[in-house]
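The block underneath contains the structure these notes are about, expressed in structure tokens.
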Amino acid sequence: MLAVRVDGITKRFGNHVAVDDVSFEVPAGVIYGVLGPNGAGKSTTLRMINDIIAPDAGHVELLGGLRPGAESAPHVGFLPEERGLYPKMRVLEMITFMGELRGLTGRDARARGEAWLERLGLGQWRKNKVQDLSKGMQQKVQFAATMIHEPELVILDEPWSGLDPINADVLRDVVREQQAAGRTVLFSTHLMEQAEQICEHIFIIARGQKVLDGRLADIKRAAAADGRVALAFAGPADRERAQAVLADRALCAATRVPAPGDHADLEVELAHGADAQRLLAALVAATVALRRFEVVTPTLHQIFVERVGRDQAQVAERRAS
Amino acid sequence: MIQPRKRAGLPDWLVIARRELLERLRTPWFIVVTLLGPVLMVALVVVPVVLGRVGDQTARVQIVDRSGQLGEALRAALVAEKWRAEVVPADTDEQTLRARIRNDHIDGYLVVSAEAPAAGTFVYRGDNASAEHVMRSLGKVVYGVVLAARGKALEISDDKVTQLLAPVDFTTRHSTGEEGEEETSGLAAFLIGYVVMFVLYLAIVLYAVNVLRSVVQEKTNRVVEIMVAAAKPRALMLGKILGVGAVGLVQVTVWAVMGLVTINQRGALLGMFGVDAGGWNVPPMDAADIAVILSYFLLGYFFYAAIFAAIGAMVSSEQEAQQAQTPVMMILIIPMLCVQLVANDPRGGVAELLTQLPFSSAVLMPMRWSLGGASPASLAVSMGILALSTYLVARLAARIYRVGILMYGKRPTLRELVRWLRY
């Protein structure tokens with residue numbers, strides 16, 4: 001079953017196309033990340049999925065065929081990017097209220113609200129007013145309010161923005177728990193580190209258009225095959241001997257200084273048609289002593305910068321021609 | 001496809017309305033205003049009367065009698081009215097008298113010119129001359145004394161003068177000529193109508209503006225994003241208007257009950273302050289009148305609350321809201337300015353027009369009805385027009401609300417607004 005099927009949705013605001021013919025599918029039971037730079041159309045896409053704004057074209061189906069809006073509301077939890085709470089309400093009342101809005105009975109909402117507050121370590125605050133809570137605590141209350149009705153589909157818009165590291169971990173645990181309970185989590189973020197840690201599937205959007213989507217593991221494997229090797233040498237003499245080997249353009253297209261903290265001395269971009277095995281053989285033959293030889297899997301951050309950067313460059317070229 | 005779950009709990013608009021109601025009922029302000037409101041109203045009636053009486057008793061007056069005939073008679077008559085009056089020499093110059101007022105030795109002085117009583121002038125100067133009771137009772141005293149003196153000059157006997165000056169019993173009674181109506185004092189009828197009008201105006205303005213403020217607050221603290229994620233904007237608007245309206249209904253009902261008790265116990269109440277109620281007959285208020293008042297409160301409130309909700313959705317800060325609400329507030333003031341038109345001629349054409357227009361009918365019709373100026377048919381038409389207008393306004397407002405609620409920053413132009421209506 002598909003948790004979300006987005007089919008060719010487009011949204012214009014005046015002359016600006018915020019989302020341009022975007023399609024993707026979220027399988028049930030996965031953690032799915034919508035990634036993109038600021039202003040890429042992430043929030044607009046999520047709002048259309050939640051029927052907060054209507055697409056100009058295309059359509060959205062949730063949980064195997066439900067329409068967004070009233071029909072699916074009891075099954076969907078949505079945490080918007082801009083989020084506030086009623087400052088004068090008591091914490092437990094606030095959560096109970098959100099549960100009732102999603103169709104729970106008052107008694108049920110209250111019991112679940114209590115459980116969530118305990119789970120998030122806010123049990124002793126439940127009678128306090130929301131305005132007495134720290135920002136981090138308020139964010140936890142917002143998570144609880146989003147998930148109190150145990151929705152099959154949880155949608156979070158930039159959930160990590162503004163979170164301190166401890167609360168970021170709490171949220172990551174909550175997201176994983178939701179998945180373990182068989183639910184689908186769809187979230188947007190521009191923080192690649194967070195996405196990389198928990199996403200199974202990703203969708204990259206830039207300037208309102210799809211750049212890339214698929215399983216994160218597949219995407220990374222494909223990117224690794226592009227060929228990049230990190231080297232660390234035993235000593236300065238080894239480095240000099242290696243330079244001679246790497247001068248062979250049939251083997252090595254370019255070298256670069258790795259990022260600090262990478263614990264590598266040199267990063268090698270393999271020439272087209274060459275592979276890591278041949279490079280290793282050549283280095284061993286030249287008696288280069290190595291402390292490290294590693295085929296580098298690019299981080300999601302690198303893939304993102306490369307793909308989004310390239311995409312935006314193409315868009316610019318298309319405009320120029 | 002999963003089985004759609006039925007809502008187990010209450011509908012979302014009701015959940016929202018209940019939250020709005022409870023949040024307001026719990027504030028100390030609500031309790032203070034609800035209980036103190038009527039106390040203030042009573043104070044408004046009692047305090048001026050009591051203060052007026054207090055003013056009487058301490059008034060100190062000096063009489064400069066240049067005619068040499070009336071001084072003593074005036075003094076006696078004023079003392080009978082509980083003034084502290086004395087006659088000073090006729091050649092006392094006005095500079096001295098003014099100095100006495102300045103130094104607060106006296107409140108004022110009365111100068112009787114030499115030609116009195118047959119002609120001449122009577123001029124009172126004093127720091128209390130603007131008080132209505134001073135002018136009224138002083139005028140009465142002077143008039144009586146002068147008439148008596150002129151009678152004497154014309155050789156009319158004292159008891160004939162007394163007969164001439166016997167009080168004339170003149171009163172006004174409000175009547176619409178219907179069978180079996182109880183006679184009521186004209187002034188009381190007007191006052192009741194006026195109070196009803198004023199309370200309705202106050203309640204509508206107070207609560208409709210409350211809706212506006214609450215919409216703007218939700219925008220500024222960003223709760224609205226979470227709310228639209230969980231409920232339709234239409235339910236949000238309906239819930240908010242109903243919730244705030246319920247608060248208003250509670251308050252108006254409390255006031256109405258306390259008001260009725262006050263009116264019925266008026267004599268006892270004024271008696272507590274040592275004041276005579278003056279034997280007014282207050283117009284009878286029956287269940288039908290109360291129903292009319294409450295119906296117009298609800299309809300008028302919904303009419304204006306929907307407009308204010310839409311305005312709230314269009315703006316993004318309290319300051320902007322202040323500006324944007326001004327035109328509507330101006331429209332609301334029109335019925336206030338037209339009160340006299342309706343009160344003076346409740347059955348006239350102007351009154352008919354003002355009580356049919358939806359902008360003013362909510363405030364003016366209950367008053368006109370309580371004055372007996374409106375026929376049941378006219379009442380029905382007026383309610384019908386107001387109900388229909390309210391429905392249309394609410395529908396338009398819901399559209400503006402739906403689009404505007406998530407807009408921040410720039411206020412929409414008129415053209416954009418028209419586009420919102422078509423979304």
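How things are named: the first chain in the structure tokens is A, the next is B, and so on; residues count from 1 in each chain; ligands count from 1 in the order shown.
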Interface residues on chain A facing chain B, 9 Å, only C-alpha atoms, written as a PyMOL selection string: chain A and resi 1-2+47+50-53+62-66+69-89+97-98+100-106+142+146
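Residues lying within 10 Å of Glu320 (chain B), counting only C-alpha atoms and ignoring same-chain neighbours fewer than 5 positions away, are Val216, Ile311, Gly312, Met314, Val315, Gln325 and Arg411 of chain B.
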Top pick for closest residue to Ile331 (chain B), considering B:Ser360, B:Asn344, B:Pro376, B:Val61 and counting only C-alpha atoms: B:Ser360
Picked from region 149-300 of chain A by DSSP as alpha helix (DSSP H), as a PyMOL selection string: chain A and resi 165-180+192-198+216-224+236-246+276-285+300
Backbone-only DSSP, strand (DSSP E or B) members of region 82-225 of chain A, as a PyMOL selection string: chain A and resi 90+129+153-157+184-189+201-206+209-215
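Once Arg150 (chain B) and its same-chain neighbours fewer than 2 positions away are set aside, Gln69, Leu70, Ala116, Pro117, Ala118, Ala119, Tyr143, Gly144, Val145, Val146, Leu147, Ala148, Lys152, Ala153, Leu154, Glu155, Ile156, Ser157, Asp158 and Val161 of chain B remain within 12 Å of it when counting only C-alpha atoms.
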All residues 9 Å or closer to Asn38 (chain A), only C-alpha atoms, same chain fewer than 2 positions away omitted, as an NGL selection string: :A and (36 or 40-42 or 190 or 206)
Which polymer residues have any atom within 8 Å of an atom of Leu92 (chain A), counting only C-alpha atoms, with same-chain residues fewer than 6 positions away left out, as a compact mmCIF listing (two decimals) with all heavy atoms, in the first residue's frame?
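Writing the result to part_13.txt gives the following:
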```txt
# COMPACT_ATOMS: atom_id res chain seq x y z
N ARG A 110 -7.40 12.68 26.70
CA ARG A 110 -6.75 13.04 27.96
C ARG A 110 -5.78 11.94 28.41
O ARG A 110 -4.63 12.22 28.77
CB ARG A 110 -7.84 13.23 29.01
CG ARG A 110 -7.46 14.11 30.14
CD ARG A 110 -8.62 14.24 31.11
NE ARG A 110 -8.07 14.71 32.36
CZ ARG A 110 -7.75 15.98 32.60
NH1 ARG A 110 -7.96 16.90 31.68
NH2 ARG A 110 -7.21 16.34 33.74
N GLY A 113 -2.85 11.89 26.15
CA GLY A 113 -2.03 13.08 26.40
C GLY A 113 -1.14 12.87 27.62
O GLY A 113 0.05 13.19 27.60
N GLU A 114 -1.72 12.30 28.68
CA GLU A 114 -0.93 12.02 29.90
C GLU A 114 0.23 11.10 29.57
O GLU A 114 1.36 11.31 30.00
CB GLU A 114 -1.82 11.37 30.96
CG GLU A 114 -3.01 12.21 31.39
CD GLU A 114 -2.99 12.51 32.88
OE1 GLU A 114 -1.90 12.43 33.48
OE2 GLU A 114 -4.07 12.83 33.43
N LEU A 117 2.98 12.90 27.65
CA LEU A 117 3.76 13.81 28.49
C LEU A 117 4.75 13.03 29.34
O LEU A 117 5.90 13.45 29.51
CB LEU A 117 2.83 14.66 29.36
CG LEU A 117 2.04 15.73 28.60
CD1 LEU A 117 1.08 16.45 29.54
CD2 LEU A 117 2.98 16.74 27.96
N ARG A 126 2.25 19.04 33.48
CA ARG A 126 0.98 18.98 32.75
C ARG A 126 -0.04 20.02 33.21
O ARG A 126 -0.90 20.42 32.45
CB ARG A 126 0.38 17.58 32.79
CG ARG A 126 0.13 17.02 34.17
CD ARG A 126 -0.22 15.55 34.01
NE ARG A 126 -1.34 15.19 34.86
CZ ARG A 126 -1.19 14.91 36.15
NH1 ARG A 126 0.00 14.93 36.70
NH2 ARG A 126 -2.24 14.60 36.87
N LYS A 127 0.06 20.48 34.45
CA LYS A 127 -0.90 21.49 34.93
C LYS A 127 -0.40 22.91 34.71
O LYS A 127 -1.09 23.88 35.01
CB LYS A 127 -1.19 21.28 36.42
CG LYS A 127 -1.83 19.96 36.75
CD LYS A 127 -3.20 20.17 37.39
CE LYS A 127 -3.78 18.84 37.85
NZ LYS A 127 -4.94 18.42 37.09
```
Atom pair CA of Ala181 (chain A) / CA of Pro151 (chain A): separation (Å): 10.7 Å
Long-range neighbours of Phe24 (chain A) as number ranges by chain, 12 Å cut-off, only C-alpha atoms, 3 positions minimum in chain: A: 2-9, 21, 27, 32-34, 45, 49, 58-61, 186, 201-205, 209-214
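In this comparison, which uses only C-alpha atoms, the residue of A:Glu269, A:Val91, A:Glu158, A:Ala242 approaching Asp132 (chain A) most closely is A:Val91.
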Distance query Val295 (chain A) at most 9 Å, only C-alpha atoms, self and fewer than 3 positions along chain excluded, as a list in words: Ala224, Gly227, Arg228, Val229, Ala230 and Ala276 of chain A
What would the file look like if the residues just selected were written as a CSV table (one decimal), in the first residue's frame with C-alpha atoms?
```
chain,number,residue,atom,x,y,z
A,224,ALA,CA,29.9,5.8,-4.8
A,227,GLY,CA,34.8,6.6,-7.9
A,228,ARG,CA,36.5,8.5,-5.1
A,229,VAL,CA,39.2,7.1,-2.9
A,230,ALA,CA,40.6,8.5,0.3
A,276,ALA,CA,39.9,1.4,-7.1
```
